[in-house]
Amino acid sequence: MTGTTTWIATGWLLAFGAVDAGLYAAWWRRTRDERRFLRGVRAADLDPILAAWWLGASWEGAPAQQETYAAEVATSLLILAGDAEIDSGGRITVPHTRFRDQKDPVLAALMRLAHLHKGATVDVLLTDPRFQRFRTVLRTRRAPLRSRFGSSRFPALTAAFVTAFGMSMHAMIMRCAVPGLPDRDPGWWTMAWIPLWAVLAAVAAIWPQKMARPWPRFTRRCRTAVTRALADQSSDTRFRVSISASGPSRRRPPDGTAVARPRVTARAIGRTSPSYDLDPDLPRGPDAHHHGPDSGDFGGGD
């Protein structure tokens, strides 16, 4: 490598390094408060409701900071303590004989309002104006963390492309030979920038994706905290709580009768859109019986 090529490569690579250093400095400044919070909870046992907020759902890879799962875990904790009951339709009730003071503000608000209004489902807790007090207290347990890493990878990849292409074109204009090739034709730089960009892009790809969940170590601690808190929960109770968090179409009608299944009439055979005999609370249409949660964790280190 000639002296001119060395200086060209050094200048462009230093510029690339400066861009990455700037991205890291910006990320460090943006997450200062978050890292302070994480240091504060590092030595303490994690609150399972806060942990549920961050996890977003019981399965891995769910979007972070979901209120529904926090409400599900709060409900499960109240049931596990023996202070509430849940029926097969997902309705949570607090018998008068079990009503007592709760130290936890979230559980206290849940017990008080469920007892006052003769029960509710998790879905109702999160949508009905009568339970606004519960939602207000529940939201105070949300960890002050961003749910997505942010857009650092794209600028880093762009810098990698500009560096590789700019370095190659600069060397070609200066009539520098490509190092390692016996042919000293500078025109080879029009091809040499591609593997160079691949190497720099691999370095830039260390940055997590924009939609990735940050703080994976904290995520693992949250998973452990919720699992430990609900270790004694039965599978039947877990299923009932999940039904309680679903919309009305996933639950049984108030009278306890089974939800009617779609029935294709004889006249509808052979038609594109069969008719259905459905419960009036269910959505109508050929896809009315299809349900299922979306799932979608990896991110920057903490």
# chains A, B, ... in the order shown; residues from 1 in each chain; ligands from 1
>>> closest_atom_pairs(of="region 200-233 of chain A", to="region 125-144 of chain A", cutoff="12 Å", atoms="only C-alpha atoms", output="CSV")
residue,atom,partner,partner_atom,distance
A:Trp215,CA,A:Ala143,CA,11.9
A:Phe218,CA,A:Ala143,CA,10.8
A:Thr219,CA,A:Ala143,CA,11.5
A:Cys222,CA,A:Ala143,CA,11.0
>>> select_by_dssp(residues="region 117-236 of chain A", states="helix (DSSP H, G or I)", output="PyMOL selection string")
chain A and resi 122-125+129-139+153-173+186-204+216-229+235-236
>>> residues_around(residues="Ala164 (chain A)", least_positions_apart="3", cutoff="8 Å", atoms="only C-alpha atoms", output="JSON, numbers by chain")
{"A": [160, 161, 167, 168, 193, 194, 196, 197, 200]}
>>> write_last_selection(atoms="N, CA and C atoms", output="CSV table (one decimal), in the first residue's frame")
chain,number,residue,atom,x,y,z
A,160,ALA,N,-21.2,3.5,6.8
A,160,ALA,CA,-20.3,2.5,6.2
A,160,ALA,C,-20.3,2.5,4.7
A,161,PHE,N,-21.5,2.7,4.1
A,161,PHE,CA,-21.6,2.8,2.6
A,161,PHE,C,-20.8,4.0,2.1
A,167,MET,N,-14.0,6.3,-0.1
A,167,MET,CA,-12.6,5.9,0.0
A,167,MET,C,-12.2,5.4,-1.4
A,168,SER,N,-13.0,4.5,-2.0
A,168,SER,CA,-12.6,3.9,-3.3
A,168,SER,C,-12.5,4.9,-4.4
A,193,TRP,N,-14.7,-1.4,-3.8
A,193,TRP,CA,-15.4,-0.8,-2.7
A,193,TRP,C,-16.5,-1.7,-2.1
A,194,ILE,N,-17.0,-2.7,-2.9
A,194,ILE,CA,-18.1,-3.5,-2.5
A,194,ILE,C,-17.7,-4.4,-1.3
A,196,LEU,N,-15.2,-3.9,0.7
A,196,LEU,CA,-14.9,-3.0,1.8
A,196,LEU,C,-16.2,-2.6,2.5
A,197,TRP,N,-17.2,-2.3,1.7
A,197,TRP,CA,-18.5,-1.9,2.3
A,197,TRP,C,-19.1,-3.0,3.2
A,200,LEU,N,-17.3,-3.1,6.5
A,200,LEU,CA,-17.7,-1.9,7.4
A,200,LEU,C,-19.2,-2.1,7.8
>>> closest_residue(among="A:Arg221, A:Ala159, A:Gly56, A:Pro195", to="Gly22 (chain A)", atoms="only C-alpha atoms")
A:Ala159
>>> closest_residue(among="A:Pro155, A:Ala204, A:Leu145, A:Gln209", to="Arg30 (chain A)", atoms="only C-alpha atoms")
A:Leu145
>>> atom_distance(atom1="CA of Ala109 (chain A)", atom2="CA of Val94 (chain A)")
12.0 Å
>>> residues_around(residues="Arg228 (chain A)", least_positions_apart="4", cutoff="12 Å", atoms="only C-alpha atoms", output="list in words")
Asp45, Leu46, Asp47, Pro48, Ala51, Val73, Leu77, Arg221, Cys222, Arg223, Thr224, Asp232 and Gln233 of chain A
>>> closest_residue(among="A:Thr190, A:Gln102, A:Ser235, A:Thr75", to="Asp123 (chain A)", atoms="only C-alpha atoms")
A:Thr75
>>> closest_residue(among="A:Thr163, A:Ala245, A:Phe37, A:Leu113", to="Ala70 (chain A)", atoms="only C-alpha atoms")
A:Ala245
>>> residues_around(residues="His170 (chain A)", least_positions_apart="2", cutoff="10 Å", atoms="only C-alpha atoms", output="list in words")
Thr5, Ile8, Ala9, Trp12, Ala164, Phe165, Gly166, Met167, Ser168, Met172, Ile173, Met174, Arg175, Cys176 and Trp189 of chain A
>>> write_last_selection(atoms="C-alpha atoms", output="PDB file, in the first residue's frame")
ATOM      1  CA  THR A   5      -3.422   5.113  -0.320  1.00  0.00           C
ATOM      2  CA  ILE A   8      -6.728   8.140   2.089  1.00  0.00           C
ATOM      3  CA  ALA A   9      -7.739   4.974   3.958  1.00  0.00           C
ATOM      4  CA  TRP A  12     -11.943   7.858   5.677  1.00  0.00           C
ATOM      5  CA  ALA A 164     -16.415   2.485   1.455  1.00  0.00           C
ATOM      6  CA  PHE A 165     -17.620   4.219  -1.703  1.00  0.00           C
ATOM      7  CA  GLY A 166     -15.947   7.547  -0.923  1.00  0.00           C
ATOM      8  CA  MET A 167     -12.630   5.920  -0.044  1.00  0.00           C
ATOM      9  CA  SER A 168     -12.607   3.898  -3.264  1.00  0.00           C
ATOM     10  CA  MET A 172      -9.274   6.025  -7.976  1.00  0.00           C
ATOM     11  CA  ILE A 173      -9.176   9.768  -8.596  1.00  0.00           C
ATOM     12  CA  MET A 174      -5.710   9.869  -7.051  1.00  0.00           C
ATOM     13  CA  ARG A 175      -4.665   7.044  -9.439  1.00  0.00           C
ATOM     14  CA  CYS A 176      -3.800   4.675  -6.571  1.00  0.00           C
ATOM     15  CA  TRP A 189     -11.607   0.559  -7.285  1.00  0.00           C
TER      16      TRP A 189
END
>>> atom_distance(atom1="CA of Ala225 (chain A)", atom2="CA of Thr31 (chain A)")
23.5 Å
>>> atom_distance(atom1="CA of Ala57 (chain A)", atom2="CA of Tyr69 (chain A)")
5.4 Å
>>> residues_around(residues="Met111 (chain A)", least_positions_apart="3", cutoff="10 Å", atoms="only C-alpha atoms", output="PyMOL selection string")
chain A and resi 75+78+83-84+92-95+98-102+105-108+114-116+119+134
